[in-house]
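Undergrad: This is the structure I want to talk about, given as structure tokens.
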Amino acid sequence: MAQQKNLDGYVGFASLPNQVYRKSVKRGFEFTLMVVGESGLGKSTLINSLFLTDLYSAEYPGPSHRIKKTVQVEQSKVLIKEGGVQLLLTIVDTPGFGDAVDNSNCWQPIIDHIDSKFEDYLNSESRVNRRQMPDSRIHCCLYFIAPSGHGLKPLDIEFMKRLHEKVNVIPLIAKADTLTPEECQQFKKQIMREIQEHKIKIYEFPETDDEEENRLVKKIKDKLPLAVVGSNTIIEVNSKRVRGRQYPWGVAEVENSDHCDFTILRDMLIRTHMQDLKDVTNNVHYENYRSRKLAAVTYNGVDNNKAKGQLSTKSPLAQMEEERREHVAKMKKMEMEMEQVFEMKVKEKVQKLKDSEAELQRRHEQMKKNLEAQHKELEEKRRVFEEERANWETQQRLEQQKLEASRTLEKNKKKGKIF
Amino acid sequence: MLSHIIAGCLRFSWWRAFASGIQRKFFGEGVRAVPLAGHVGFDSMPDQLVNKSVNRGFCFNILCVGETGLGKSTLMDTLFNTKFEGEPTQHNQPGVTLKSNTYELQESNVRLKLTVVNTVGFGDQINKEDSYKSIVEFIDTQFEAYLQEELKIKRTLHSYHDTRIHACLYFIAPTGHSLKSLDLVTMKKLDSKVNIVPIVAKSDAISKSELAKFKIKITSELVSNGVQIYQFPTDDESVAEINSTMNSHLPFAVVGSTEEVKIGNKMVKARQYPWGTVQVENENHCDFVKLREMLIRVNMEDLREQTHTRHYELYRRCKLEEMGFKDTDPDSKPFSLQETYEAKRNEFMGELQKKEEEMRQMFVQRVKEKEAELKEAEKELHEKFDRLKKLHQDEKKKLEEKKKSLDDEVNMFKQKKTAAELLLNQAQQAGGSTTLKRDKERKK
């Protein structure tokens, strides 16, 4: 449908990326990061190291310094700025996770929190009057695995299985400076094997057309899950000031890629894939939530034969519209049918009436004919009778006359006219 | 390295003030601004975002509204340095139709899916009252398509081809006097639906002094009629100055041409007249360069944003309100999509059932009426025949009487006849004996 057109000169829309850049800087950015793991795995320290700030300080103590009984979900918001770019960073902490003796369902408050953020977004998106929609959805979940060196704990597997379709899960090996490189390799292999075995979908780096980038992505994929070390202290090593952990036997440097995968995590999380994490959250996880939520609404109360198991691609409004149309068609059909039945019954009755009328008419005609016939018969009889009588009377008269005549003759004879 | 230094400087002095200002203004309570101890790297976020957009490609839709012959197609060709489809149209169109064509353009690594929509037959009819209707309908249809996609249960908004009109170039005929009433009516109908950029077409027909007066007249007419045209945004410091300057040059007076003429030692786009050559890209000759700068090079993204956040939202709000949706007031429970949909649906099903019931009732009524009618007819029929029957019976009775009287007469006659015969016989016997005597005597 769209045609390729060649341009004969510079038009200027190549500046569109700059326009987009400009507007995005003006708007500012938001990012919400969730950290999950047992206490003492260095979560807060890692966040401080990642963002080079004292998110958790004496003034604002991190969750590990506070007493907690059940799994809490806590948010801290900070505004950070760099190079003219402003980022509203929200860190969601989950103190108490995995710390109880019985940890069944300790993931539930977390799932509820993620869902409630989706719900908020869905509601604000569905308002009639929509304003600025703040995006507080969880864009990424860093899951801290204890560096046991053996494999994933049942809790780890359970948690990731339940959350991998709701949020981008990035598993990390915490406190990796307790593992030697070989142990670390083994551990990583074991974890990845178990992840695949349980069909857990951790966050995947997208493929690009750029070969260079793809090579980098492949390198990262080989190192998953990333083994990280965090530190709040700056130490001087070889006259360089670095973040690290001081041991009697040396310094484990946070940003040294030979020591741990921290820089890979930082580069991936912040410098290259932050936008992609947001996009996947928006286009995949949120859409899944939304379609499931809306499907439940639409099919509430509707015949389930057509709705069973299938998510329609229609919106609830379109659904209602279709139902309305169906209903109108049904009513029309019903009206037509009723009309037909009505007409038929009327015709029947009218026909019956007509028949009845015809019958009566016929009988009436019959009777009339009958009477007329009788009339005629009577008239004939009378005529015959009259004729007979007339004849007889005439005859009588003649006889009488004859008799008179003969009597007279007799009389005359008797009188003397005897011959 | 540089960014480190800058970050360092920024870190303390005005940053804190600035940040807390922003913090209070935008993010309310609970947000603190914290300084960074080094380069974190999120300043690449805009680049990440830009890379994604470039990979996805951009899309832009322009609508050209104007009478036939004002050079709409030529201007598009000139703006985009290419030859788009289309034959020049005649003036005999019965109504206004909209023709849309989509093109894939590329400039360095930026891909643009450009859709050009032309109004065919605008201003040609004798009665132009409905001219704006098909334009409004077209714009609404694009909004509706987007709304439907947005409301679907399973949707793919990120790969949706946006067909909403981002800019409407309104071509004003270069009369030099004022706007035509058709122009005012149309622009008034469109100003809440699309970004209107009015331009004076074929402005090489107007002299410089007339043009200045013309522009002033047009602007004042637009203002006095409350027509909202698109203003180039002045909120972003980097472009505020140029945008506000350009705003004062509106409406742009343009000339379009795809023909090239040699001026000096360059080939430039121009229109050649006996008295001189009008150079399209010469800012002294016309505002073409300004238009291109504003429309494409500086504010294309803003036009798209305005369309989405203002015009589309307005359409959406009206549409939803029309269907009976509303946000619950802020003091009560927060708005729940589910509940609204369910409530709406129940209401709607109730209505349908009511309608069904009404129809049924109506039929029951009709049946009753018809039955009564037919019963009435039946009664009449029976009455009629009862009357006839009575008549018959009367007739029969009369006939019987007549019969009886005849029979009486016949009997009487018979009696008479018998009596008479008896007499005759007696008489005959007597006479016969007389005759016999006579005959006997004769014989003696």
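Residue numbers start at 1 in each chain; chains themselves are named A, B, ... in the order of the structure tokens; ligands are numbered from 1 in the order shown.
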Got a sec to pull out which chain A residues are within 6 Å of chain B, counting only C-alpha atoms, and send them as number ranges by chain?

TA: A: 2-5, 7-9, 11-15, 17, 21, 51-53, 77-80, 82-83, 85, 128, 270-271, 291, 297, 313-315

Undergrad: Within 8 Å of segment 113-118 of chain A, counting only C-alpha atoms, which residues show up once you throw out same-chain ones fewer than 6 positions away? Write them as a list in words, please.

TA: Val73, Ser136, Arg137, Ile138, Lys166, Val167, Tyr286, Tyr289 and Arg290 of chain A

Undergrad: Could you turn the residues from that selection into a file that holds N, CA, C and O atoms, as a JSON list (two decimals), in the first residue's frame?

TA:
[["chain", "number", "residue", "atom", "x", "y", "z"],
["A", 73, "VAL", "N", 6.25, -4.40, 51.28],
["A", 73, "VAL", "CA", 6.67, -3.84, 50.00],
["A", 73, "VAL", "C", 6.81, -2.35, 50.21],
["A", 73, "VAL", "O", 5.86, -1.68, 50.57],
["A", 136, "SER", "N", 3.92, 4.01, 37.29],
["A", 136, "SER", "CA", 4.59, 3.48, 38.46],
["A", 136, "SER", "C", 4.68, 1.96, 38.37],
["A", 136, "SER", "O", 4.87, 1.28, 39.38],
["A", 137, "ARG", "N", 4.54, 1.44, 37.18],
["A", 137, "ARG", "CA", 4.62, 0.00, 37.01],
["A", 137, "ARG", "C", 6.06, -0.47, 37.21],
["A", 137, "ARG", "O", 7.00, 0.28, 36.94],
["A", 138, "ILE", "N", 6.20, -1.68, 37.67],
["A", 138, "ILE", "CA", 7.55, -2.20, 37.93],
["A", 138, "ILE", "C", 8.18, -2.58, 36.60],
["A", 138, "ILE", "O", 7.66, -3.43, 35.87],
["A", 166, "LYS", "N", 4.92, -11.67, 34.87],
["A", 166, "LYS", "CA", 4.36, -10.39, 35.31],
["A", 166, "LYS", "C", 5.37, -9.27, 35.24],
["A", 166, "LYS", "O", 5.02, -8.10, 35.25],
["A", 167, "VAL", "N", 6.63, -9.62, 35.28],
["A", 167, "VAL", "CA", 7.64, -8.58, 35.35],
["A", 167, "VAL", "C", 8.93, -9.11, 34.73],
["A", 167, "VAL", "O", 9.11, -10.32, 34.60],
["A", 286, "TYR", "N", 2.20, -5.68, 30.80],
["A", 286, "TYR", "CA", 1.00, -4.90, 31.07],
["A", 286, "TYR", "C", -0.14, -5.34, 30.17],
["A", 286, "TYR", "O", -1.28, -5.47, 30.60],
["A", 289, "TYR", "N", -1.69, -8.45, 31.45],
["A", 289, "TYR", "CA", -2.56, -8.16, 32.58],
["A", 289, "TYR", "C", -3.87, -7.57, 32.12],
["A", 289, "TYR", "O", -4.96, -7.97, 32.52],
["A", 290, "ARG", "N", -3.76, -6.59, 31.24],
["A", 290, "ARG", "CA", -4.95, -5.87, 30.77],
["A", 290, "ARG", "C", -5.91, -6.78, 30.03],
["A", 290, "ARG", "O", -7.12, -6.75, 30.29]]

Undergrad: As an MDAnalysis selection string, please: the residues near Ile234 of chain A (cut-off 8 Å, only C-alpha atoms, same-chain neighbours under 5 positions excluded).

TA: chainID A and resid 241:244

Undergrad: Please provide as a list of chain:residue names all residues within 9 Å of Gln75 of chain A, with the sequence filter that same-chain residues fewer than 2 positions apart are discarded (counting only C-alpha atoms).

TA: A:Met34, A:Val73, A:Lys77, A:Thr90, A:Ile91, A:Val92, A:Asp93, A:Thr94

Undergrad: Find the residue from B:Ile218, B:Ile196, B:Leu75, B:Ile206 that sits nearest to Leu179 of chain B; use only C-alpha atoms when measuring.

TA: B:Ile218

Undergrad: When DSSP works through the backbone of this structure, what residues of segment 200-441 of chain B end up as strand (DSSP E), shown as a list of chain:residue names?

TA: B:Val200, B:Phe252, B:Ala253, B:Glu260, B:Val261, B:Lys262, B:Ile263, B:Lys266, B:Met267, B:Val268, B:Lys269, B:Ala270, B:Arg271, B:Gln272, B:Tyr273, B:Gly276, B:Thr277, B:Val278, B:Gln279

Undergrad: Pick out the residues sitting within 12 Å of Asn232 of chain A, and hand them over as a VMD selection string; count only C-alpha atoms, and ignore anything fewer than 3 positions along from it in its own chain.

TA: (chain A and resid 42 to 57 229 235 242 to 246 253 to 254) or (chain B and resid 37)

Undergrad: Those same residues - N, CA and C atoms - I'd like them written as a CSV table (one decimal), in the first residue's frame.

TA:
chain,number,residue,atom,x,y,z
A,42,GLY,N,22.9,-8.1,50.4
A,42,GLY,CA,23.5,-6.9,49.9
A,42,GLY,C,22.7,-6.2,48.8
A,43,LYS,N,21.4,-6.2,49.0
A,43,LYS,CA,20.6,-5.5,48.0
A,43,LYS,C,20.8,-4.0,48.0
A,44,SER,N,20.6,-3.5,49.2
A,44,SER,CA,20.7,-2.0,49.3
A,44,SER,C,22.1,-1.5,48.9
A,45,THR,N,23.1,-2.3,49.2
A,45,THR,CA,24.5,-1.9,48.9
A,45,THR,C,24.6,-1.9,47.3
A,46,LEU,N,24.0,-2.9,46.7
A,46,LEU,CA,24.1,-2.9,45.3
A,46,LEU,C,23.4,-1.7,44.6
A,47,ILE,N,22.2,-1.4,45.2
A,47,ILE,CA,21.5,-0.2,44.6
A,47,ILE,C,22.4,1.0,44.7
A,48,ASN,N,23.0,1.2,45.9
A,48,ASN,CA,23.8,2.4,46.1
A,48,ASN,C,25.0,2.4,45.1
A,49,SER,N,25.5,1.2,44.8
A,49,SER,CA,26.7,1.1,43.9
A,49,SER,C,26.2,1.4,42.5
A,50,LEU,N,25.1,0.8,42.1
A,50,LEU,CA,24.6,1.0,40.8
A,50,LEU,C,24.4,2.5,40.5
A,51,PHE,N,23.7,3.2,41.4
A,51,PHE,CA,23.4,4.5,41.1
A,51,PHE,C,24.3,5.6,41.7
A,52,LEU,N,25.4,5.1,42.3
A,52,LEU,CA,26.4,6.0,42.8
A,52,LEU,C,25.9,7.0,43.7
A,53,THR,N,25.0,6.6,44.6
A,53,THR,CA,24.4,7.5,45.5
A,53,THR,C,24.0,6.8,46.8
A,54,ASP,N,23.8,7.6,47.8
A,54,ASP,CA,23.5,7.0,49.1
A,54,ASP,C,22.0,7.0,49.2
A,55,LEU,N,21.4,6.1,48.4
A,55,LEU,CA,19.9,6.0,48.5
A,55,LEU,C,19.5,5.7,49.9
A,56,TYR,N,20.2,4.7,50.4
A,56,TYR,CA,20.0,4.3,51.8
A,56,TYR,C,21.1,4.9,52.6
A,57,SER,N,20.8,5.8,53.5
A,57,SER,CA,21.8,6.4,54.3
A,57,SER,C,21.4,6.4,55.7
A,229,VAL,N,28.9,-7.8,43.0
A,229,VAL,CA,29.4,-7.4,44.3
A,229,VAL,C,29.1,-5.9,44.4
A,235,ILE,N,37.8,2.8,48.3
A,235,ILE,CA,39.1,2.4,48.8
A,235,ILE,C,40.1,2.8,47.8
A,242,VAL,N,38.6,3.5,44.2
A,242,VAL,CA,37.6,2.6,43.6
A,242,VAL,C,36.6,2.2,44.7
A,243,ARG,N,35.4,1.7,44.2
A,243,ARG,CA,34.5,1.1,45.2
A,243,ARG,C,34.9,-0.3,45.3
A,244,GLY,N,35.0,-0.8,46.6
A,244,GLY,CA,35.4,-2.1,46.7
A,244,GLY,C,35.2,-2.6,48.1
A,245,ARG,N,35.6,-3.9,48.3
A,245,ARG,CA,35.5,-4.5,49.6
A,245,ARG,C,36.9,-4.9,50.0
A,246,GLN,N,37.3,-4.4,51.2
A,246,GLN,CA,38.7,-4.6,51.7
A,246,GLN,C,38.7,-5.9,52.5
A,253,GLU,N,37.2,-5.4,43.8
A,253,GLU,CA,36.7,-4.2,43.2
A,253,GLU,C,35.4,-4.4,42.5
A,254,VAL,N,34.5,-3.5,42.8
A,254,VAL,CA,33.2,-3.6,42.2
A,254,VAL,C,33.2,-3.5,40.7
B,37,ALA,N,27.5,10.4,42.9
B,37,ALA,CA,29.0,10.4,43.2
B,37,ALA,C,29.8,10.1,42.0
